[in-house]
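Trainee: Take a look at the following structure, please.
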Amino acid sequence: MTIKKGQIIDLKITDMAFGGKGIARVDGLAVFVDQAVPLDLVSIRIIKKKKNFANGRIIELLEPSTYRINPPCKFSGLCGGCKWQFLKYDKQISYKQQHVKDSLKHIGFVENAVVHPTIPSELIFGYRNKMEFSCSDRRWLLPDEMGRDNIETGFAIGLHVPGTFYKVLDIRECLLQPDLGNLILDDVGNFIKNSDLPVYGLRSHVGFWRFLMLRHSAFYDQWMVNIITAEENREKVQPLADLLIKKYPKIASVINNITSKPAGVAIGEYEICLAGSSHIKDKIGPYEFEISANSFFQTNTFGAKRLYETVKMFAELTGKETVIDLYSGTGTIPICISDSAKEVIGIEIIESAVKDAENNCVNNNISNCRFICGDIINCLEQITKRPDVMIIDPPRSGMHKDVVKQVIDMAPDRIVYVSCNPATLARDIFMMKDIYRVIEVQPVDMFPHTYHIESVAKLKRKSATSY
């Protein structure tokens, strides 16, 4: 069958691609279908046709897969927050394991890698300790609202339609955050809507109210409310902080970040503490961490505990080792392994994160961790002692090829690679595969109802005679 753009065809979905799309094949051609599940029978319209693949959009679900469930959120399929709510959770974690295997095989050329079953998330709803909601001067309409008269479109606070920067759904309840967060979200939305200051236009870049960021401490059950505005106007923002503090005793911090930059990033050029403390605290295992408005902290606290337990197990520490942790952030991994290593050296380019790491060490009475602030490419050469173990936890883009070369030159006996992107994990392992062999990989689900997956890979250096 010849596939053409605009064509309508019926297909049986047979597999799930990394990125969350269902896959069907027509005479060997892969057809990717968003919001489709293996065993679905669907009628689709071809929206893109290339030489080696095509993309389709579901027109009608003819016969639903037995893997499907009814998603509890009315925005499922429309919102970019979580795209797999309609897929049974046991299938979600099974496909995530398979995606790690496929990446290692097809990108890393690592055959028969031991990839363990995915460690599931302790919570599959209410698990996120941080949520960012965008303000917009125009609400994006739901499908059943299109074409209706007297539909109000002038304000939204919520999440984006996937792949867009200006389409914001007015969401007053997100199931990924704890329940109290939704009450706070609704109150903030109503306050902003009734304010005499304009909401920021995502195209015009004019307006005052920009973002709402909510942080939650899972251990202490406390909240931080971070209101991001385009300029400083404490007279207008302080009443909102006062309202929230009075109404919700669990709010321990209200912050106002101010940014005049047009970039759609919920980080201020400076901040003002409107009420309570400038930070909240949370715990991973026995260790306590201070979390400020703009600091990094794993968004699934209970999942982070399991992730770091896996890192510690794969590192095989005896208390005698020197460990280097690349991309050390606010020091969570160094602190969580500090009781089993002789010395841990973290390298991080963001100065504020290094300061947070040092403070976290002081607060936890840890003296065997130190941190170097700077670009890894320049900082690794400052370390003259060969590490026994290297832990690598890079951003989604993975390691720079020059960093990979330096890692190989430093020749640690063991590498523990923590990845949030199976594709770049596999790519970086491929660059090291002549020197290091993959012993095992453990996927850890930190993001239920999304296709994202964290993985921890254990690598060991091959003997000198084997390469």
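Residues are referred to by chain and number: the chain letter is A, B, ... according to the order shown in the structure tokens, the number counts from 1 in that chain, and ligands are numbered separately from 1 in the order shown.
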I want to know what sits within 10 Å of Ser204 (chain A), based on only C-alpha atoms, with residues of the same chain fewer than 3 positions away left out; could you give that as a ChimeraX atom specification?

Mentor: /A:137,200-201,207,262

Trainee: Need the shell around region 99-103 of chain A: protein/DNA/RNA residues with any atom at most 6 Å away, counting only C-alpha atoms. Skip same-chain ones fewer than 2 positions apart. Format as a ChimeraX atom specification?

Mentor: /A:18,96-97,105-107,422-423,426

Trainee: Find, counting only C-alpha atoms, the residue in A:Leu274, A:Ile3, A:Cys361, A:Leu11 that gets nearest to Ile47 (chain A).

Mentor: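 When distances to Ile47 (chain A) are compared using only C-alpha atoms, the smallest one comes from A:Ile3.
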
Trainee: Closest to Asn190 (chain A) among A:Ser463, A:Val206, A:Gly276, A:Ile157, using only C-alpha atoms?

Mentor: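 Counting only C-alpha atoms, the residue closest to Asn190 (chain A) is A:Ile157.
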
Trainee: Using only C-alpha atoms, which of the listed residues (A:Asp339, A:Tyr89, A:Ser397, A:Ser94) sits closest to Phe125 (chain A)?

Mentor: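 Selected residue with least distance to Phe125 (chain A): A:Tyr89.
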
Trainee: In Å to one decimal, how far is CA of Asp445 (chain A) from CA of Phe133 (chain A)?

Mentor: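 One can read the CA of Phe133 (chain A) to CA of Asp445 (chain A) distance as 23.1 Å.
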
Trainee: So which residues touch Asn363 (chain A) within 9 Å, counting only C-alpha atoms, skipping near sequence neighbours fewer than 3 positions away, as a list in words?

Mentor: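 Using only C-alpha atoms, the neighbours found are Tyr287, Glu288, Phe289, Glu290, Glu358, Asn359, Asn360 and Ile366 of chain A.
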
Trainee: Using backbone DSSP assignments, extract all strand (DSSP E) residues from region 34-190 of chain A; output them as a PyMOL selection string.

Mentor: chain A and resi 41-49+53-63+130-136+156-160+168-170

Trainee: Once DSSP has gone over the backbone, tell me which residues of region 198-247 of chain A are in helix (DSSP H, G or I), as a list in words.

Mentor: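 In region 198-247 of chain A, DSSP puts these residues in helix (DSSP H, G or I): Arg234, Glu235, Lys236, Val237, Gln238, Pro239, Leu240, Ala241, Asp242, Leu243, Leu244, Ile245, Lys246 and Lys247 of chain A.
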
Trainee: Which is closest to Thr164 (chain A) among A:Val354, A:Leu141, A:Cys79, A:Val456, if we use only C-alpha atoms?

Mentor: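 Selected residue with least distance to Thr164 (chain A): A:Cys79.
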
Trainee: Within 12 Å of Thr310 (chain A), counting only C-alpha atoms, which residues show up once you throw out same-chain ones fewer than 3 positions away? Write them as a list of chain:residue names, please.

Mentor: A:His116, A:Thr118, A:Ile119, A:Gly303, A:Ala304, A:Lys305, A:Arg306, A:Leu307, A:Met313, A:Phe314, A:Ala315, A:Glu316, A:Ile333, A:Cys336, A:Ile337, A:Ile391, A:Val416, A:Tyr417, A:Val418, A:Glu440, A:Val441, A:Gln442, A:Pro443, A:Val444, A:Glu454, A:Ser455, A:Val456, A:Ala457, A:Lys458

Trainee: Near region 399-406 of chain A, counting only C-alpha atoms, which residues have an atom at most 12 Å away, once you skip same-chain residues fewer than 6 positions from it, shown as an MDAnalysis selection string?

Mentor: chainID A and resid 326:327 375:383 386 390 392:393 412 415 417:419 421 423:433 435:436

Trainee: Set the distance at 7 Å and use only C-alpha atoms: which residues neighbour Glu132 (chain A) once local chain neighbours fewer than 4 positions away are removed? I'd like the list as a ChimeraX atom specification.

Mentor: /A:211-214
